[in-house]
Protein chains: 2
Amino acid sequence: MSQVTTTDLYEVTMALSYLREDMRAPATFSLFVRDLPPGRGFLVAAGLEPALDHLSRFLVGRSDVREFAEALRRPVEDLEPLHGLSFDGQVRAVPEGRLVFAGEPLLEVTAPLPQAQLVETYLLSLLCHQTAVASKAARCVLAAAGRPLVDFSLRRAHGPEAGMQAARLCALVGFAATSNVAAATRYGIPAAGTMGHAYVEAFASEEQAFRAFARTHPGPVTFLVDTYDTDRAVAKAARVFADLGLGPGCGIRLDSGDLGALAGRARTALDAAGLRDVQIIASGGLDEYGVAALIRQGAPIDVFAVGSKTGTAADAPYLDAAYKLVEYDGRPVMKLSPAKVTAPGPKQVFRGPGLRDVIGLANEEPPAGAEPLLRTVMRGGLRTEPPDTLAAARARFEADLAALPVEARRIDDPVAPLPTASMRLTVLTTVVRHRIERPH
Amino acid sequence: MSQVTTTDLYEVTMALSYLREDMRAPATFSLFVRDLPPGRGFLVAAGLEPALDHLSRFLVGRSDVREFAEALRRPVEDLEPLHGLSFDGQVRAVPEGRLVFAGEPLLEVTAPLPQAQLVETYLLSLLCHQTAVASKAARCVLAAAGRPLVDFSLRRAHGPEAGMQAARLCALVGFAATSNVAAATRYGIPAAGTMGHAYVEAFASEEQAFRAFARTHPGPVTFLVDTYDTDRAVAKAARVFADLGLGPGCGIRLDSGDLGALAGRARTALDAAGLRDVQIIASGGLDEYGVAALIRQGAPIDVFAVGSKTGTAADAPYLDAAYKLVEYDGRPVMKLSPAKVTAPGPKQVFRGPGLRDVIGLANEEPPAGAEPLLRTVMRGGLRTEPPDTLAAARARFEADLAALPVEARRIDDPVAPLPTASMRLTVLTTVVRHRIERPH
């Protein structure tokens with residue numbers, strides 16, 4: 001499938017019309033999330049790396065033109081003006097890993113209007129989804145309070161490619177490992193995995209299964225203990241560990257039932273067998289709420305695996321994100337649709353201590369002690385910097401998280417910091433609104 | 001990315017161990033949804049076509065083996081037994097478009113144990129997500145009560161590939177069109193699209209924008225009317241339609257505000273201008289609940305566009321699906337984990353009139369008048385039938401939907417039919433459970 005035609009048809013109808021009307025002046029579009037969903041005290045900016053990849057490769061080829069023409073049921077010649085169009089604009093963006101809040105641009109594109117328009121849908125499809133999943137995963141990290149997390153989301157993510165992204169985003173916010181082999185390879189993330197229930201069932205007995213697994217995989221192993229009766233399985237696992245002289249690096253995995261109670265009894269049994277080094281891994285429908293509850297009750301769980309709810313950002317699976325024209329040909333513009341008013345002009349976010357943010361105009365001087373969040377990452381269609389690394393994004397995430405106010409870090413009913421608008425942005429908004437509201 | 005390594009690492013550890021232990025006897029795995037999420041009276045089976053594509057291409061190559069070894073931090077030689085492994089098993093499955101209920105296998109794989117195990121994660125990642133989205137989209141079709149629906153989900157779906165699938169699944173359940181150009185081309189779906197707010201804002205006035213759009217796109221056009229003041233924009237649109245002698249096939253799109261009230265006033269204004277043929281299209285945060293509410297209040301909306309909530313199946317973005325070993329080497333097996341007990345043995349679903357289903361064993365005779373749902377779609381790793389078509393899947397969906405009881409069709413608090421177990425399956429479950437629960 002062509003990345004160019006993976007777009008809404010209206011981008012094509014608009015771009016073609018701009019070209020026909022000779023409207024090629026620079027336009028600035030701002031991509032931002034209007035409001036944070038309930039249950040979110042912050043968002044983690046994500047998806048920029050693949051977005052820049054997309055923009056640097058963007059080129060409307062002959063087969064794309066034909067697809068456009070077929071979609072519009074028009075002759076190919078009519079779409080010819082789009083042929084050869086590439087992206088040679090400027091992108092200013094918040095680097096991946098930084099925390100962002102309502103109304104703050106994640107990315108601003110400045111390019112000739114037809115180009116800037118045509119890339120809208122694909123940019124939204126990368127940034128909305130990835131920011132939603134990274135933000136959910138980040139809350140799991142907060143809930144785990146320092147204990148390692150493993151990403152198990154591939155099977156529940158919205159298709160294999162969404163699973164790849166989920167693994168990357170979990171690593172970005174500090175997960176220790178992923179179960180996804182291809183993602184481990186592609187992104188250099190440690191891979192983790194144990195055994196499933198089928199493995200245990202395929203053998204005549206649970207203990208035979210454990211012993212066979214240890215034969216195939218010499219060294220530390222993790223046994224799944226909830227296929228039949230968890231307490232009995234823990235006893236069997238302990239016997240096998242002891243017989244084989246295993247301990248450090250080994251684990252048992254609980255995947256159902258009352259994870260807190262089972263972990264408590266398992267810990268007691270393992271300790272009694274002298275297996276203090278054997279870890280307890282919990283999985284099964286966990287997200288930040290489940291992890292926080294287990295931590296709160298003091299469950300002796302060493303590692304949490306989360307999947308379904310994190311990989312799909314289940315309680316907020318999409319963000320109310322928009323890609324809005326804010327300036328065309330030097331003229332600031334805005335939209336007045338009910339509940340969807342946009343502020344005009346290219347913007348910058350100025351971040352003060354404690355993540356007190358001011359949204360201002362791109363050409364404003366930063367307030368004293370404030371740091372501008374958007375950086376110029378692409379100029380003339382080319383990246384201005386080498387590709388970002390996961391490690392760098394993770395470091396940015398950790399630094400911002402450390403500065404996040406406590407009420408935004410809460411798992412239950414978090415309250416997100418609310419950015420304020422600079423005086424210059426407020427004045428411009430009033431002026432543009434007034435200009436538009438004169439009857440015309 | 002390799003489809004083979006896009007899998008959970010534990011599939012690899014288990015498959016390798018099966019090979020080392022010489023456990024290559026036939027295994028049957030059953031893929032089913034344990035329980036329907038709240039707000040679902042049925043599921044629409046989906047994802048089989050891409051799943052069969054995957055299985056027919058499955059082959060562990062040398063680079064896959066290396067990735068597996070790296071993920072396991074073991075020498076490549078240790079993973080060599082997996083090299084060249086392909087899928088040459090049998091697949092029985094419910095064709096796409098059919099309605100399914102809790103506990104009913106969507107698909108059963110019978111193959112040598114290592115193969116059947118290794119394909120688990122990828123199959124789940126295709127079938128869970130696609131069934132979830134198709135089921136949500138189907139509810140929109142019910143809510144729209146015969147009025148056409150358009151898929152607008154690409155920008156909110158979990159990445160571009162998930163957007164492609166959403167477009168296909170919406171078409172499968174009867175949507176009239178998609179905004180996604182690449183999906184329109186790939187799947188032969190009509191494409192639809194109008195204009196965005198940016199287009200209106202880029203011009204000096206709304207009316208100039210409408211006139212320019214009509215110049216570029218001779219013939220029927222749709223104008224977006226909520227950029228500034230909707231009522232005024234409708235008047236401008238009416239003037240442009242009248243001036244240009246346009247009418248049939250044209251439309252206006254409402255994307256914010258009180259869609260019902262705005263549509264009512266717009267209809268009155270258009271009719272007064274003699275534009276009875278101009279359609280009203282509504283979009284903006286709609287799903288089956290929003291569509292049903294608008295229909296209930298008699299809003300004169302001709303076409304509904306749904307996106308964010310449908311493409312992400314927002315209220316149930318994942319299904320509680322499992323791929324469980326049910327038989328190995330002729331021995332039926334089951335799992336006793338709390339709340340996750342599985343029934344043993346290869347199965348069949350026998351569908352009686354009114355979608356009264358009996359889940360039985362695969363080798364049972366169908367009850368009188370009942371139709372078996374699972375068909376053999378792959379044998380020896382090869383498809384037994386030519387690829388399915390969207391039209392055929394849609395016809396199956398429509399036939400099942402027509403037979404669905406009224407309480408399952410409801411938008412609010414639907415109640416799904418509950419399949420019963422056949423006597424033979426019940427007896428087998430009791431026998432196997434008893435065998436497992438003897439201490440061993």
# chains A, B, ... in the order shown; residues from 1 in each chain; ligands from 1
call {"tool": "interface_residues", "arguments": {"of": "chain A", "to": "chain B", "cutoff": "6 Å", "atoms": "only C-alpha atoms", "output": "JSON, numbers by chain"}}
result
{"A": [5, 6, 7, 8, 9, 10, 17, 71, 121, 124, 125, 126, 129, 155, 156, 158, 159, 162, 179, 180, 181, 182, 191, 193, 194, 195, 198, 216, 226, 227, 228, 257, 314, 317, 325, 335, 336, 337, 338]}
call {"tool": "residues_around", "arguments": {"residues": "B:Pro372", "least_positions_apart": "3", "cutoff": "12 Å", "atoms": "only C-alpha atoms", "output": "PDB file with C-alpha atoms, in the first residue's frame"}}
result
ATOM      1  CA  ARG B  92     -11.544 -24.908  10.155  1.00  0.00           C
ATOM      2  CA  ALA B  93     -13.109 -21.499  10.569  1.00  0.00           C
ATOM      3  CA  VAL B  94     -16.254 -19.414  10.638  1.00  0.00           C
ATOM      4  CA  PRO B  95     -16.343 -17.413   7.397  1.00  0.00           C
ATOM      5  CA  ARG B  98     -21.110 -14.437  10.228  1.00  0.00           C
ATOM      6  CA  GLU B 104     -17.758 -20.144  19.881  1.00  0.00           C
ATOM      7  CA  PRO B 105     -14.563 -20.966  18.015  1.00  0.00           C
ATOM      8  CA  LYS B 347     -15.404 -28.228  18.187  1.00  0.00           C
ATOM      9  CA  GLN B 348     -18.155 -27.277  15.843  1.00  0.00           C
ATOM     10  CA  VAL B 349     -20.902 -24.707  16.206  1.00  0.00           C
ATOM     11  CA  PHE B 350     -24.338 -25.889  15.106  1.00  0.00           C
ATOM     12  CA  ARG B 351     -26.597 -22.988  14.243  1.00  0.00           C
ATOM     13  CA  GLY B 352     -30.344 -23.469  14.488  1.00  0.00           C
ATOM     14  CA  LEU B 355     -29.247 -18.095  15.728  1.00  0.00           C
ATOM     15  CA  ARG B 356     -29.841 -20.647  18.478  1.00  0.00           C
ATOM     16  CA  ASP B 357     -26.384 -22.178  18.616  1.00  0.00           C
ATOM     17  CA  VAL B 358     -25.125 -25.408  20.100  1.00  0.00           C
ATOM     18  CA  ILE B 359     -21.388 -25.787  20.629  1.00  0.00           C
ATOM     19  CA  GLY B 360     -20.544 -29.447  20.103  1.00  0.00           C
ATOM     20  CA  LEU B 361     -17.629 -31.626  19.143  1.00  0.00           C
ATOM     21  CA  ALA B 362     -16.248 -31.420  15.629  1.00  0.00           C
ATOM     22  CA  ASN B 363     -17.159 -35.004  14.861  1.00  0.00           C
ATOM     23  CA  GLU B 364     -20.743 -34.823  16.104  1.00  0.00           C
ATOM     24  CA  GLU B 365     -23.727 -35.113  13.815  1.00  0.00           C
ATOM     25  CA  PRO B 366     -25.493 -31.749  13.521  1.00  0.00           C
ATOM     26  CA  PRO B 367     -28.836 -31.551  15.310  1.00  0.00           C
ATOM     27  CA  ALA B 368     -31.781 -31.649  12.898  1.00  0.00           C
ATOM     28  CA  GLY B 369     -32.172 -28.376  11.025  1.00  0.00           C
ATOM     29  CA  ARG B 375     -15.805 -24.853   7.391  1.00  0.00           C
ATOM     30  CA  THR B 376     -12.529 -26.433   6.389  1.00  0.00           C
TER      31      THR B 376
END
call {"tool": "residues_around", "arguments": {"residues": "A:Leu85", "least_positions_apart": "2", "cutoff": "12 Å", "atoms": "only C-alpha atoms", "output": "number ranges by chain"}}
result
A: 4, 12, 15-16, 19, 24, 55, 57-62, 64-65, 79-83, 87-89, 111-119, 381
call {"tool": "select_by_dssp", "arguments": {"residues": "stretch 12-145 of chain A", "states": "strand (DSSP E or B)", "output": "PyMOL selection string"}}
result
chain A and resi 26-33+43-44+59+86+90-93+99-100+105-112
call {"tool": "closest_residue", "arguments": {"among": "B:Ser63, B:Leu382, B:Ile252, B:Glu96", "to": "B:Gly84", "atoms": "only C-alpha atoms"}}
result
B:Ser63
call {"tool": "atom_distance", "arguments": {"atom1": "atom CA of A:Ala167", "atom2": "atom CA of A:Gly39"}}
result
21.9 Å
call {"tool": "atom_distance", "arguments": {"atom1": "atom CA of B:Ala305", "atom2": "atom CA of B:Arg265"}}
result
19.5 Å
call {"tool": "residues_around", "arguments": {"residues": "stretch 292-304 of chain B", "least_positions_apart": "5", "cutoff": "12 Å", "atoms": "only C-alpha atoms", "output": "number ranges by chain"}}
result
B: 139-152, 175-178, 192, 222, 249-255, 258-268, 270-271, 276-287, 410-412
call {"tool": "residues_around", "arguments": {"residues": "B:Gly330", "least_positions_apart": "4", "cutoff": "9 Å", "atoms": "only C-alpha atoms", "output": "ChimeraX atom specification"}}
result
/B:25-27,345
call {"tool": "atom_distance", "arguments": {"atom1": "atom CA of B:Phe32", "atom2": "atom CA of B:Val100"}}
result
9.4 Å
call {"tool": "closest_residue", "arguments": {"among": "A:Leu390, A:Leu172, A:Ala408, A:Ala343", "to": "A:Thr430", "atoms": "only C-alpha atoms"}}
result
A:Ala343
